[in-house]
>>> print(open('my_file_20.txt').read())   # compact mmCIF, C-alpha atoms
# COMPACT_ATOMS: atom_id res chain seq x y z
CA MET A 1 -11.00 -167.35 -56.89
CA ARG A 2 -14.20 -165.27 -56.59
CA ASP A 3 -14.77 -166.31 -52.95
CA ARG A 4 -11.19 -165.41 -52.02
CA GLU A 5 -11.67 -162.01 -53.65
CA ALA A 6 -14.89 -161.54 -51.68
CA ALA A 7 -12.95 -162.19 -48.51
CA GLY A 8 -10.45 -159.52 -49.48
CA GLY A 9 -6.70 -159.37 -48.92
CA PRO A 10 -3.78 -161.31 -50.43
CA ARG A 11 -4.21 -164.76 -51.98
CA GLY A 12 -2.64 -166.52 -49.01
CA LEU A 13 0.15 -168.70 -47.68
CA VAL A 14 0.72 -172.45 -48.08
CA VAL A 15 1.95 -174.24 -44.97
CA ARG A 16 3.92 -177.38 -44.27
CA VAL A 17 2.42 -179.85 -41.79
CA PHE A 18 4.60 -182.25 -39.80
CA ASP A 19 3.86 -185.70 -38.40
CA SER A 20 5.10 -185.96 -34.81
CA GLY A 21 3.84 -189.53 -34.44
CA PHE A 22 1.22 -188.87 -31.76
CA PRO A 23 -2.11 -189.86 -33.33
CA ILE A 24 -4.27 -188.97 -30.30
CA ALA A 25 -3.06 -185.37 -29.93
CA HIS A 26 -5.88 -182.84 -29.66
CA ASP A 27 -5.60 -179.02 -29.28
CA THR A 28 -2.64 -177.04 -27.91
CA TYR A 29 -3.12 -173.64 -26.25
CA ASN A 30 0.21 -171.79 -25.96
CA GLY A 31 2.67 -174.62 -25.17
CA MET A 32 5.39 -173.54 -27.65
CA ALA A 33 8.73 -171.76 -27.80
CA ALA A 34 11.35 -170.81 -30.36
CA ALA A 35 14.48 -171.44 -28.29
CA SER A 36 18.01 -170.03 -28.48
CA ASP A 37 19.36 -173.33 -29.87
CA GLY A 38 17.40 -172.64 -33.06
CA CYS A 39 14.83 -175.36 -32.34
CA ILE A 40 11.06 -175.21 -31.90
CA TYR A 41 9.77 -176.86 -28.73
CA TYR A 42 6.10 -177.74 -28.46
CA VAL A 43 3.66 -179.83 -26.46
CA LEU A 44 0.99 -182.07 -27.97
CA CYS A 45 -2.00 -182.59 -25.73
CA PRO A 46 -4.36 -185.60 -25.70
CA GLU A 47 -7.79 -185.55 -24.10
CA THR A 48 -7.84 -189.26 -23.21
CA LEU A 49 -7.97 -190.67 -19.70
CA ASP A 50 -4.74 -192.71 -19.77
CA ASP A 51 -2.27 -190.54 -21.70
CA GLY A 52 -0.02 -187.68 -20.68
CA GLY A 53 0.95 -184.75 -22.84
CA ARG A 54 4.23 -184.97 -24.75
CA LEU A 55 7.06 -182.48 -25.27
CA TYR A 56 8.72 -182.46 -28.71
CA ARG A 57 11.55 -180.61 -30.41
CA TYR A 58 11.75 -179.73 -34.08
CA ASP A 59 15.26 -178.94 -35.37
CA PRO A 60 14.91 -176.91 -38.60
CA ALA A 61 18.59 -177.34 -39.49
CA ALA A 62 18.32 -181.13 -39.44
CA ASP A 63 14.62 -181.13 -40.39
CA GLU A 64 14.06 -183.59 -37.56
CA ILE A 65 11.43 -184.05 -34.85
CA ARG A 66 12.35 -185.68 -31.56
CA PHE A 67 10.07 -186.81 -28.73
CA LEU A 68 11.56 -185.53 -25.46
CA LEU A 69 9.35 -186.46 -22.51
CA ASP A 70 5.96 -187.57 -21.27
CA LEU A 71 4.37 -185.12 -18.81
CA ASN A 72 3.04 -187.85 -16.52
CA GLU A 73 6.51 -189.36 -16.23
CA ALA A 74 8.11 -185.94 -15.69
CA CYS A 75 5.69 -185.32 -12.80
CA GLY A 76 6.35 -188.74 -11.24
CA GLU A 77 2.77 -189.84 -11.88
CA ALA A 78 3.19 -192.58 -14.49
CA GLY A 79 1.14 -195.57 -13.40
CA LEU A 80 -0.65 -193.57 -10.70
CA LYS A 81 -4.02 -194.22 -12.35
CA ALA A 82 -5.03 -190.60 -11.80
CA ILE A 83 -6.47 -187.94 -14.12
CA PRO A 84 -3.38 -187.30 -16.28
CA GLN A 85 -1.09 -184.33 -16.83
CA SER A 86 -2.24 -184.09 -20.41
CA LYS A 87 -1.92 -180.41 -21.25
CA VAL A 88 0.42 -177.43 -21.09
CA HIS A 89 -1.70 -174.27 -21.33
CA VAL A 90 1.14 -171.81 -20.72
CA PRO A 91 4.08 -170.56 -22.80
CA LEU A 92 7.39 -172.39 -22.62
CA ILE A 93 9.76 -169.82 -21.11
CA GLU A 94 13.50 -170.13 -21.69
CA HIS A 95 15.94 -169.07 -18.95
CA GLU A 96 19.61 -170.06 -18.52
CA GLY A 97 19.41 -173.13 -20.71
CA LYS A 98 16.11 -174.45 -19.37
CA LEU A 99 12.51 -174.32 -20.48
CA TYR A 100 10.10 -173.54 -17.67
CA PHE A 101 6.41 -174.37 -17.93
CA ALA A 102 3.48 -175.79 -16.00
CA THR A 103 1.02 -178.64 -16.53
CA HIS A 104 -2.74 -178.63 -16.77
CA VAL A 105 -5.62 -181.08 -16.82
CA GLY A 106 -6.94 -182.03 -20.26
CA TYR A 107 -9.53 -184.68 -19.48
CA TYR A 108 -12.83 -183.00 -18.56
CA TYR A 109 -16.46 -183.63 -17.91
CA ARG A 110 -18.81 -181.50 -20.00
CA VAL A 111 -21.81 -180.12 -18.09
CA ASP A 112 -24.32 -177.83 -19.82
CA GLY A 113 -21.77 -177.22 -22.56
CA MET A 114 -19.01 -176.22 -20.10
CA GLU A 115 -15.78 -178.08 -19.38
CA THR A 116 -15.55 -179.05 -15.71
CA MET A 117 -13.00 -180.80 -13.52
CA PRO A 118 -13.68 -184.58 -13.61
CA GLU A 119 -15.04 -184.96 -10.09
CA PRO A 120 -15.72 -187.52 -8.91
CA PRO A 121 -13.17 -189.22 -11.21
CA PRO A 122 -14.17 -192.27 -13.24
CA GLN A 123 -14.26 -195.53 -11.30
CA GLY A 124 -10.80 -196.92 -10.69
CA TYR A 125 -9.06 -193.54 -11.10
CA ARG A 126 -7.79 -190.96 -8.65
CA SER A 127 -8.56 -187.25 -8.74
CA TYR A 128 -6.30 -184.90 -10.64
CA PRO A 129 -3.15 -184.44 -8.47
CA GLY A 130 -2.68 -180.77 -9.37
CA GLY A 131 -0.58 -178.98 -11.95
CA HIS A 132 3.22 -179.03 -11.69
CA PHE A 133 5.83 -176.38 -12.36
CA LEU A 134 8.59 -178.03 -14.41
CA ALA A 135 12.08 -177.16 -15.70
CA TYR A 136 13.40 -178.97 -18.78
CA ASP A 137 17.17 -178.80 -19.40
CA MET A 138 17.62 -178.37 -23.16
CA LYS A 139 21.21 -179.67 -23.07
CA THR A 140 20.93 -182.73 -20.82
CA GLY A 141 17.29 -183.61 -21.44
CA GLY A 142 16.62 -183.81 -17.70
CA CYS A 143 13.37 -182.50 -16.26
CA GLU A 144 13.02 -181.15 -12.72
CA ASP A 145 9.74 -181.09 -10.84
CA LEU A 146 9.73 -177.75 -8.98
CA ALA A 147 6.33 -177.73 -7.24
CA VAL A 148 2.74 -178.94 -7.46
CA ASP A 149 -0.46 -177.00 -6.80
CA PRO A 150 -1.65 -178.22 -3.38
CA GLY A 151 -5.22 -177.33 -4.32
CA GLY A 152 -5.34 -180.03 -6.98
CA GLU A 153 -6.10 -177.70 -9.88
CA GLY A 154 -4.55 -177.26 -13.28
CA ILE A 155 -2.23 -174.33 -13.97
CA LEU A 156 -3.93 -172.28 -16.67
CA THR A 157 -1.73 -169.19 -16.83
CA MET A 158 1.96 -168.65 -16.00
CA ALA A 159 4.57 -165.91 -16.09
CA MET A 160 8.20 -165.77 -14.99
CA ASP A 161 10.17 -162.95 -13.39
CA ALA A 162 13.65 -164.07 -14.45
CA ARG A 163 15.46 -161.26 -12.59
CA ARG A 164 13.98 -162.23 -9.23
CA GLY A 165 13.59 -165.96 -9.76
CA ARG A 166 9.82 -166.03 -9.36
CA PHE A 167 7.00 -167.87 -11.14
CA TYR A 168 3.36 -166.86 -11.08
CA GLY A 169 0.32 -168.89 -12.01
CA ILE A 170 -3.46 -168.82 -12.15
CA THR A 171 -5.17 -172.14 -11.52
CA TRP A 172 -8.22 -173.67 -13.19
CA PRO A 173 -11.10 -173.87 -12.53
CA ARG A 174 -11.31 -171.73 -9.35
CA GLY A 175 -8.71 -169.18 -10.40
CA ARG A 176 -6.21 -169.06 -7.52
CA PHE A 177 -3.11 -166.87 -7.78
CA LEU A 178 0.10 -168.83 -7.09
CA ARG A 179 3.63 -167.59 -6.69
CA LEU A 180 6.68 -169.83 -6.60
CA ASP A 181 10.17 -168.82 -5.49
CA LEU A 182 12.73 -170.70 -7.59
CA ALA A 183 15.56 -170.68 -5.02
CA SER A 184 13.59 -171.73 -1.94
CA ARG A 185 10.80 -173.63 -3.76
CA GLU A 186 8.31 -171.84 -1.53
CA LEU A 187 4.86 -171.96 -3.13
CA ARG A 188 2.24 -169.52 -1.85
CA ASP A 189 -1.46 -169.29 -2.68
CA LEU A 190 -2.63 -165.65 -2.61
CA GLY A 191 -6.29 -166.50 -3.16
CA PRO A 192 -8.86 -166.11 -5.94
CA VAL A 193 -8.32 -163.64 -8.76
CA SER A 194 -11.95 -163.33 -9.92
CA GLU A 195 -14.97 -164.59 -7.93
CA LEU A 196 -15.19 -168.42 -8.27
CA GLY A 197 -13.52 -168.49 -11.65
CA GLU A 198 -14.80 -171.14 -14.04
CA SER A 199 -15.79 -173.61 -11.31
CA VAL A 200 -19.50 -172.72 -11.22
CA ARG A 201 -22.39 -171.53 -13.35
CA GLY A 202 -24.30 -168.46 -12.26
CA PRO A 203 -23.57 -164.96 -10.93
CA ARG A 204 -20.13 -165.88 -9.51
CA TYR A 205 -18.82 -167.40 -12.74
CA ARG A 206 -15.91 -165.50 -14.30
CA THR A 207 -13.79 -166.43 -17.32
CA LEU A 208 -10.17 -166.45 -16.18
CA CYS A 209 -7.31 -164.44 -17.63
CA ARG A 210 -5.01 -166.48 -19.90
CA ALA A 211 -1.97 -164.18 -19.82
CA MET A 212 0.02 -162.48 -17.06
CA VAL A 213 2.78 -159.95 -17.75
CA VAL A 214 5.78 -159.12 -15.55
CA ASP A 215 7.16 -155.58 -15.36
CA PRO A 216 10.90 -156.38 -15.08
CA ARG A 217 11.68 -153.00 -13.53
CA ASN A 218 9.96 -153.66 -10.21
CA GLY A 219 8.63 -157.23 -10.37
CA SER A 220 4.96 -156.25 -10.64
CA VAL A 221 2.72 -158.81 -12.34
CA TYR A 222 -0.38 -157.73 -14.27
CA TYR A 223 -3.52 -159.67 -15.16
CA THR A 224 -7.13 -158.81 -15.98
CA THR A 225 -10.67 -159.95 -15.12
CA SER A 226 -13.74 -160.39 -17.31
CA GLU A 227 -15.21 -157.21 -15.76
CA GLY A 228 -12.29 -155.34 -17.35
CA TRP A 229 -10.35 -154.60 -14.17
CA ILE A 230 -6.56 -154.64 -14.33
CA PHE A 231 -4.85 -156.13 -11.28
CA ARG A 232 -1.25 -155.87 -10.13
CA TYR A 233 0.76 -158.15 -7.89
CA ARG A 234 3.17 -155.96 -5.91
CA TYR A 235 6.49 -157.75 -5.46
CA GLU A 236 7.68 -155.58 -2.59
CA ARG A 237 4.46 -156.23 -0.63
CA ASP A 238 3.76 -159.80 -1.80
CA ALA A 239 0.16 -158.71 -2.29
CA ILE A 240 -2.38 -158.02 -5.03
CA GLU A 241 -4.20 -154.75 -5.70
CA ARG A 242 -6.46 -153.34 -8.39
CA VAL A 243 -5.02 -150.71 -10.71
CA GLU A 244 -6.97 -147.53 -10.07
CA GLY A 245 -7.85 -145.04 -12.77
CA GLU A 246 -7.87 -147.35 -15.81
CA ASP A 247 -9.59 -150.50 -17.08
CA LEU A 248 -10.40 -152.46 -20.25
CA ARG A 249 -14.12 -151.65 -20.42
CA LYS A 250 -13.80 -149.98 -23.79
CA ASP A 251 -16.74 -149.41 -26.14
CA TYR A 252 -14.63 -150.68 -29.04
CA PHE A 253 -14.25 -154.06 -27.30
CA GLY A 254 -18.00 -154.70 -27.24
CA VAL A 255 -20.53 -155.32 -24.48
CA TRP A 256 -19.98 -158.42 -22.33
CA ALA A 257 -21.74 -159.95 -19.33
CA PRO A 258 -18.92 -161.03 -16.96
CA ALA A 259 -20.91 -163.93 -15.45
CA SER A 260 -21.75 -165.42 -18.84
CA PRO A 261 -19.51 -168.26 -20.14
CA GLY A 262 -18.35 -168.75 -23.71
CA HIS A 263 -16.30 -165.56 -24.11
CA MET A 264 -13.36 -163.76 -22.48
CA GLY A 265 -15.38 -160.72 -21.46
CA TYR A 266 -13.14 -157.66 -21.13
CA ASN A 267 -10.02 -159.73 -20.38
CA TRP A 268 -7.02 -159.27 -22.59
CA ARG A 269 -6.53 -162.51 -24.50
CA GLN A 270 -2.76 -162.40 -24.88
CA ALA A 271 -0.18 -159.80 -23.85
CA PHE A 272 3.58 -159.24 -23.52
CA TRP A 273 6.04 -156.72 -22.08
CA TYR A 274 7.64 -154.41 -24.66
CA GLU A 275 10.92 -153.18 -23.26
CA PRO A 276 11.69 -150.29 -25.69
CA GLU A 277 8.58 -148.42 -24.49
CA GLN A 278 8.31 -150.10 -21.07
CA VAL A 279 4.66 -150.90 -21.68
CA ILE A 280 2.41 -153.92 -22.19
CA TYR A 281 1.02 -154.74 -25.63
CA GLY A 282 -2.12 -156.85 -25.64
CA VAL A 283 -5.00 -157.98 -27.79
CA HIS A 284 -8.64 -158.12 -26.73
CA GLY A 285 -9.78 -161.57 -27.79
CA ASN A 286 -13.36 -161.07 -28.88
CA SER A 287 -13.01 -157.82 -30.81
CA GLY A 288 -9.39 -158.33 -31.93
CA TYR A 289 -8.28 -154.82 -30.97
CA LEU A 290 -4.60 -154.22 -30.28
CA PHE A 291 -3.84 -151.88 -27.39
CA ARG A 292 -0.95 -150.51 -25.35
CA PHE A 293 -1.07 -150.33 -21.55
CA ASP A 294 1.37 -148.07 -19.74
CA PRO A 295 1.44 -149.12 -16.06
CA ALA A 296 3.26 -145.97 -14.98
CA ARG A 297 0.50 -143.57 -15.98
CA PRO A 298 -1.72 -145.81 -15.95
CA ARG A 299 -3.29 -145.58 -19.41
CA VAL A 300 -4.73 -147.90 -22.07
CA GLU A 301 -4.44 -146.71 -25.66
CA VAL A 302 -6.39 -148.60 -28.36
CA LEU A 303 -4.28 -148.76 -31.52
CA GLU A 304 -5.67 -150.94 -34.30
CA ARG A 305 -8.15 -153.69 -34.99
CA LEU A 306 -5.70 -156.53 -35.54
CA THR A 307 -8.18 -158.90 -37.19
CA SER A 308 -7.94 -159.92 -40.84
CA LEU A 309 -8.90 -157.50 -43.60
CA ALA A 310 -11.80 -159.81 -44.39
CA SER A 311 -13.08 -159.56 -40.81
CA LYS A 312 -12.72 -155.78 -40.81
CA ARG A 313 -14.71 -155.51 -44.02
CA SER A 314 -17.42 -157.85 -42.79
CA GLY A 315 -17.79 -155.83 -39.58
CA MET A 316 -18.28 -159.05 -37.63
CA TYR A 317 -16.45 -160.85 -34.82
CA ASP A 318 -14.43 -163.92 -35.72
CA GLN A 319 -15.62 -167.46 -35.10
CA PHE A 320 -13.43 -168.47 -32.18
CA SER A 321 -15.42 -167.30 -29.17
CA TYR A 322 -12.41 -166.57 -26.92
CA GLY A 323 -10.21 -164.93 -29.55
CA TYR A 324 -6.73 -166.19 -30.36
CA LEU A 325 -3.61 -166.90 -28.28
CA GLY A 326 -1.20 -166.90 -31.25
CA PHE A 327 0.11 -163.38 -30.54
CA THR A 328 3.81 -162.73 -29.92
CA LEU A 329 6.73 -160.38 -30.48
CA GLY A 330 8.99 -161.54 -33.29
CA PRO A 331 12.77 -162.09 -33.13
CA ASP A 332 13.46 -158.61 -34.52
CA GLY A 333 12.10 -157.14 -31.28
CA ARG A 334 9.68 -154.80 -33.06
CA THR A 335 7.15 -156.88 -35.03
CA ILE A 336 4.02 -158.48 -33.59
CA TYR A 337 2.97 -161.75 -35.23
CA TYR A 338 -0.69 -162.70 -34.85
CA LEU A 339 -2.62 -165.74 -36.06
CA THR A 340 -6.27 -164.82 -36.22
CA GLY A 341 -9.51 -165.78 -37.96
CA GLY A 342 -11.30 -164.62 -41.04
CA PRO A 343 -14.69 -165.31 -42.60
CA VAL A 344 -15.19 -167.96 -45.26
CA TYR A 345 -17.22 -166.96 -48.32
CA ARG A 346 -19.12 -169.30 -50.62
CA GLY A 347 -21.09 -168.08 -53.58
CA GLY A 348 -20.29 -164.55 -52.51
CA LYS A 349 -21.94 -164.99 -49.12
CA ARG A 350 -20.26 -165.17 -45.74
CA VAL A 351 -20.61 -168.57 -44.06
CA GLU A 352 -22.14 -167.99 -40.63
CA GLY A 353 -21.61 -170.09 -37.51
CA LYS A 354 -23.77 -170.66 -34.47
CA LYS A 355 -24.73 -167.54 -32.54
CA GLU A 356 -23.71 -168.54 -29.01
CA THR A 357 -21.61 -171.09 -27.18
CA ALA A 358 -21.09 -171.90 -23.49
CA ALA A 359 -17.50 -173.01 -24.13
CA GLY A 360 -14.45 -171.36 -25.65
CA GLU A 361 -14.71 -172.85 -29.11
CA SER A 362 -15.06 -172.10 -32.77
CA LYS A 363 -18.62 -171.17 -33.69
CA GLY A 364 -18.09 -172.26 -37.28
CA GLU A 365 -15.77 -172.58 -40.25
CA GLU A 366 -13.16 -169.88 -40.68
CA ASN A 367 -9.92 -169.06 -42.43
CA LEU A 368 -6.67 -168.57 -40.53
CA HIS A 369 -4.79 -165.34 -41.34
CA LEU A 370 -1.26 -164.26 -40.51
CA ILE A 371 -1.09 -160.61 -39.41
CA THR A 372 2.04 -158.59 -38.64
CA TYR A 373 2.23 -155.22 -36.92
CA ASP A 374 5.43 -153.16 -36.86
CA ILE A 375 5.29 -151.37 -33.50
CA PRO A 376 7.59 -148.37 -34.15
CA ALA A 377 6.14 -147.76 -37.62
CA GLY A 378 2.54 -148.53 -36.63
CA ARG A 379 2.29 -150.65 -39.79
CA TYR A 380 -0.40 -153.36 -40.05
CA GLN A 381 -0.22 -156.09 -42.71
CA ASP A 382 -2.60 -158.95 -43.44
CA HIS A 383 -0.56 -161.57 -45.29
CA GLY A 384 -3.64 -163.49 -46.27
CA PRO A 385 -5.34 -166.74 -45.38
CA VAL A 386 -3.33 -169.87 -44.63
CA PHE A 387 -3.96 -173.14 -46.46
CA PHE A 388 -2.67 -176.70 -46.45
CA GLU A 389 -1.16 -177.95 -49.70
CA ASP A 390 -4.41 -179.77 -50.49
CA GLY A 391 -6.41 -176.58 -50.03
CA GLY A 392 -7.68 -177.46 -46.55
CA ARG A 393 -7.77 -174.92 -43.73
CA PRO A 394 -5.84 -175.00 -40.42
CA ALA A 395 -8.23 -174.96 -37.48
CA TRP A 396 -8.24 -174.34 -33.71
CA VAL A 397 -4.89 -172.53 -33.83
CA ASN A 398 -4.07 -170.96 -30.44
CA SER A 399 -0.28 -171.16 -30.34
CA ILE A 400 2.67 -169.48 -32.03
CA ALA A 401 6.48 -169.55 -32.16
CA VAL A 402 8.47 -167.43 -34.62
CA GLY A 403 11.75 -169.11 -35.55
CA ALA A 404 14.92 -167.03 -35.50
CA GLY A 405 15.92 -168.62 -38.82
CA GLY A 406 12.53 -168.09 -40.44
CA GLY A 407 9.11 -169.64 -40.27
CA VAL A 408 6.05 -169.09 -38.10
CA TYR A 409 5.12 -172.26 -36.23
CA ALA A 410 1.85 -173.28 -34.61
CA ILE A 411 -0.23 -176.33 -33.69
CA THR A 412 -3.23 -177.03 -35.90
CA ARG A 413 -5.87 -179.66 -36.39
CA VAL A 414 -5.21 -181.80 -39.46
CA ARG A 415 -7.12 -184.75 -40.94
CA ARG A 416 -5.01 -187.87 -40.63
CA GLY A 417 -6.02 -191.52 -40.55
CA GLY A 418 -9.70 -190.64 -40.69
CA ARG A 419 -9.62 -188.36 -37.67
CA GLU A 420 -8.59 -184.85 -36.61
CA VAL A 421 -5.15 -184.72 -34.98
CA GLY A 422 -3.23 -181.81 -33.46
CA ASP A 423 0.25 -181.36 -34.92
CA LEU A 424 2.97 -178.88 -35.84
CA MET A 425 2.80 -176.68 -38.92
CA ARG A 426 5.17 -174.15 -40.45
CA ILE A 427 3.94 -170.99 -42.16
CA PRO A 428 6.42 -169.12 -44.38
CA ASP A 429 7.41 -165.83 -42.77
CA PRO A 430 6.44 -163.25 -45.42
CA LEU A 431 8.70 -160.60 -43.87
CA ARG A 432 11.84 -162.74 -44.05
CA GLU A 433 11.21 -165.41 -46.69
CA GLY A 434 9.56 -163.41 -49.45
CA ALA A 435 6.26 -165.29 -49.24
CA GLY A 436 2.80 -163.81 -49.62
>>> encode(input="my_file_20.txt", output="structure tokens")
Amino acid sequence: MRDREAAGGPRGLVVRVFDSGFPIAHDTYNGMAAASDGCIYYVLCPETLDDGGRLYRYDPAADEIRFLLDLNEACGEAGLKAIPQSKVHVPLIEHEGKLYFATHVGYYYRVDGMETMPEPPPQGYRSYPGGHFLAYDMKTGGCEDLAVDPGGEGILTMAMDARRGRFYGITWPRGRFLRLDLASRELRDLGPVSELGESVRGPRYRTLCRAMVVDPRNGSVYYTTSEGWIFRYRYERDAIERVEGEDLRKDYFGVWAPASPGHMGYNWRQAFWYEPEQVIYGVHGNSGYLFRFDPARPRVEVLERLTSLASKRSGMYDQFSYGYLGFTLGPDGRTIYYLTGGPVYRGGKRVEGKKETAAGESKGEENLHLITYDIPAGRYQDHGPVFFEDGGRPAWVNSIAVGAGGGVYAITRVRRGGREVGDLMRIPDPLREGAG
């Protein structure tokens, strides 16, 4: 009890963990959706050489999990003996009864602490064929392969302009900007978004943006770079330009070297369009600051440090070096839900992790906290740390889906069968279920 008091904030929330039956699942980044049929769709991602990622559906009404498809099979690459389609690194976006998403490579080589594309591939295997844009029909269960990246890279970031029938993506590791027209299936590569992306070490290395946001009014698409620049794709010109007069190089966000790996620099970590104000809300990953970006002015307004109360009181950054992707607008259309870190205390002392890392990873042990922020009221709430029933801590959580009928869902690491496995968990929603 004393260590929880030292951390500050409420006592915490107890979660339910599910068993999807995929014992080699690793970490999921984004790859979730709370759909209009009341179900939670999610992708479990292995890091093995011979296995594709898997799409699942959890039906809260029936309390039932169903395996839906294998990504390799959906991409027509089962038995190809190539680097597999083992990850979905983008949100699952619902539109007219279908879930749209894109695939990514999940089997890497690690060089000097960095994940790299497996080139040349292991003997007997082909190179990664490139990420696919896919459409899954929630009613029929059919999956349509819309396009594949001709450059042979994974699709790291994706956004959809539903009004104009356009998809946008950023590839990994070089960071190419793709746009796909849904009607014609025309796929165009508009070039690199930030130097050589994450394909090299040295002065031309840049951590790539993990979230793009569409302005539905005019079809503009916004993304950031690790230098803090904000870029805009102009729909009417089919071209990219830098936003002049504003950036994300804010003192509150810290001081970052753009060519250094292991952090997101001045990139926003996650962001979404907020229609009532016609602005973008985003979170800076390393510092955890919430901000509002108005493209019309243009202006960035820093609002609140959205980290846990324990992190605020410690004055330190959290342990996950990139920050957290579990940031979304809730079903009420006004509340931000955020899954973030918090320090662990033992004997009254904060447990410290390693100082630096060349990869986006957790530097040490941490608690997971559920934060909510009511946008119109400007009200921040830390609902406390999250624990398993046995007292263990969820880890490597970079996904979120808020169910319309209650519950905050995410993918976590859990100990099972003597190993760590990625799987679905449900956190009670303290705003709608009286928890916390």
>>> closest_residue(input="my_file_20.txt", among="A:Arg201, A:His369, A:Lys250, A:Arg413", to="Cys45 in chain A", atoms="only C-alpha atoms")
A:Arg413
>>> closest_residue(input="my_file_20.txt", among="A:Leu325, A:Glu433, A:Gln381, A:Tyr289", to="Ala211 in chain A", atoms="all atoms listed in the file")
A:Leu325
>>> atom_distance(input="my_file_20.txt", atom1="CA of Val283 in chain A", atom2="CA of Phe327 in chain A")
7.9 Å
>>> atom_distance(input="my_file_20.txt", atom1="CA of Leu196 in chain A", atom2="CA of Pro91 in chain A")
24.2 Å
>>> atom_distance(input="my_file_20.txt", atom1="CA of Leu92 in chain A", atom2="CA of Gly21 in chain A")
21.1 Å
>>> closest_residue(input="my_file_20.txt", among="A:Tyr41, A:Tyr29, A:Phe293, A:Tyr125", to="Tyr409 in chain A", atoms="all atoms listed in the file")
A:Tyr41
>>> residues_around(input="my_file_20.txt", residues="Met212 in chain A", least_positions_apart="4", cutoff="12 Å", atoms="only C-alpha atoms", output="compact mmCIF listing (two decimals) with C-alpha atoms, in the frame of the given file")
# COMPACT_ATOMS: atom_id res chain seq x y z
CA VAL A 90 1.14 -171.81 -20.72
CA PRO A 91 4.08 -170.56 -22.80
CA LEU A 156 -3.93 -172.28 -16.67
CA THR A 157 -1.73 -169.19 -16.83
CA MET A 158 1.96 -168.65 -16.00
CA ALA A 159 4.57 -165.91 -16.09
CA MET A 160 8.20 -165.77 -14.99
CA ASP A 161 10.17 -162.95 -13.39
CA PHE A 167 7.00 -167.87 -11.14
CA TYR A 168 3.36 -166.86 -11.08
CA GLY A 169 0.32 -168.89 -12.01
CA ILE A 170 -3.46 -168.82 -12.15
CA PHE A 177 -3.11 -166.87 -7.78
CA LEU A 178 0.10 -168.83 -7.09
CA VAL A 193 -8.32 -163.64 -8.76
CA LEU A 208 -10.17 -166.45 -16.18
CA SER A 220 4.96 -156.25 -10.64
CA VAL A 221 2.72 -158.81 -12.34
CA TYR A 222 -0.38 -157.73 -14.27
CA TYR A 223 -3.52 -159.67 -15.16
CA THR A 224 -7.13 -158.81 -15.98
CA THR A 225 -10.67 -159.95 -15.12
CA ILE A 230 -6.56 -154.64 -14.33
CA PHE A 231 -4.85 -156.13 -11.28
CA ARG A 232 -1.25 -155.87 -10.13
CA TYR A 233 0.76 -158.15 -7.89
CA ASN A 267 -10.02 -159.73 -20.38
CA TRP A 268 -7.02 -159.27 -22.59
CA ARG A 269 -6.53 -162.51 -24.50
CA GLN A 270 -2.76 -162.40 -24.88
CA ALA A 271 -0.18 -159.80 -23.85
CA PHE A 272 3.58 -159.24 -23.52
CA TRP A 273 6.04 -156.72 -22.08
CA ILE A 280 2.41 -153.92 -22.19
CA TYR A 281 1.02 -154.74 -25.63
CA GLY A 282 -2.12 -156.85 -25.64
>>> residues_around(input="my_file_20.txt", residues="Arg249 in chain A", least_positions_apart="3", cutoff="8 Å", atoms="only C-alpha atoms", output="PyMOL selection string")
chain A and resi 227-229+253+266
>>> residues_around(input="my_file_20.txt", residues="Ser287 in chain A", least_positions_apart="5", cutoff="10 Å", atoms="all atoms listed in the file", output="list in words")
Tyr252, Phe253, Gly254, Tyr266, Arg305, Leu306, Thr307, Met316, Tyr317, Asp318, Ser321, Tyr322 and Gly323 of chain A
>>> residues_around(input="my_file_20.txt", residues="range 337-341 of chain A", least_positions_apart="2", cutoff="7 Å", atoms="only C-alpha atoms", output="short mmCIF file (atom, residue, chain, number, x, y, z; two decimals) with C-alpha atoms, keeping the file's coordinate frame")
data_model
loop_
_atom_site.label_atom_id
_atom_site.label_comp_id
_atom_site.auth_asym_id
_atom_site.auth_seq_id
_atom_site.Cartn_x
_atom_site.Cartn_y
_atom_site.Cartn_z
CA THR A 307 -8.18 -158.90 -37.19
CA SER A 308 -7.94 -159.92 -40.84
CA ASP A 318 -14.43 -163.92 -35.72
CA GLN A 319 -15.62 -167.46 -35.10
CA TYR A 324 -6.73 -166.19 -30.36
CA GLY A 326 -1.20 -166.90 -31.25
CA PHE A 327 0.11 -163.38 -30.54
CA THR A 328 3.81 -162.73 -29.92
CA LEU A 329 6.73 -160.38 -30.48
CA GLY A 330 8.99 -161.54 -33.29
CA THR A 335 7.15 -156.88 -35.03
CA PRO A 343 -14.69 -165.31 -42.60
CA GLU A 366 -13.16 -169.88 -40.68
CA ASN A 367 -9.92 -169.06 -42.43
CA LEU A 368 -6.67 -168.57 -40.53
CA HIS A 369 -4.79 -165.34 -41.34
CA LEU A 370 -1.26 -164.26 -40.51
CA ILE A 371 -1.09 -160.61 -39.41
CA THR A 372 2.04 -158.59 -38.64
CA TYR A 373 2.23 -155.22 -36.92
#
>>> axis_aligned_box(input="my_file_20.txt", around="range 411-430 of chain A", padding_each_side="4 Å", output="lines of an AutoDock Vina configuration file")
center_x = -1.1
center_y = -177.4
center_z = -39.4
size_x = 25.1
size_y = 36.3
size_z = 20.0
>>> closest_residue(input="my_file_20.txt", among="A:Val214, A:Ala33, A:Ala359, A:Leu13", to="Glu115 in chain A", atoms="all atoms listed in the file")
A:Ala359
>>> closest_residue(input="my_file_20.txt", among="A:Ala259, A:Leu431, A:Leu69, A:Val402", to="Glu195 in chain A", atoms="all atoms listed in the file")
A:Ala259
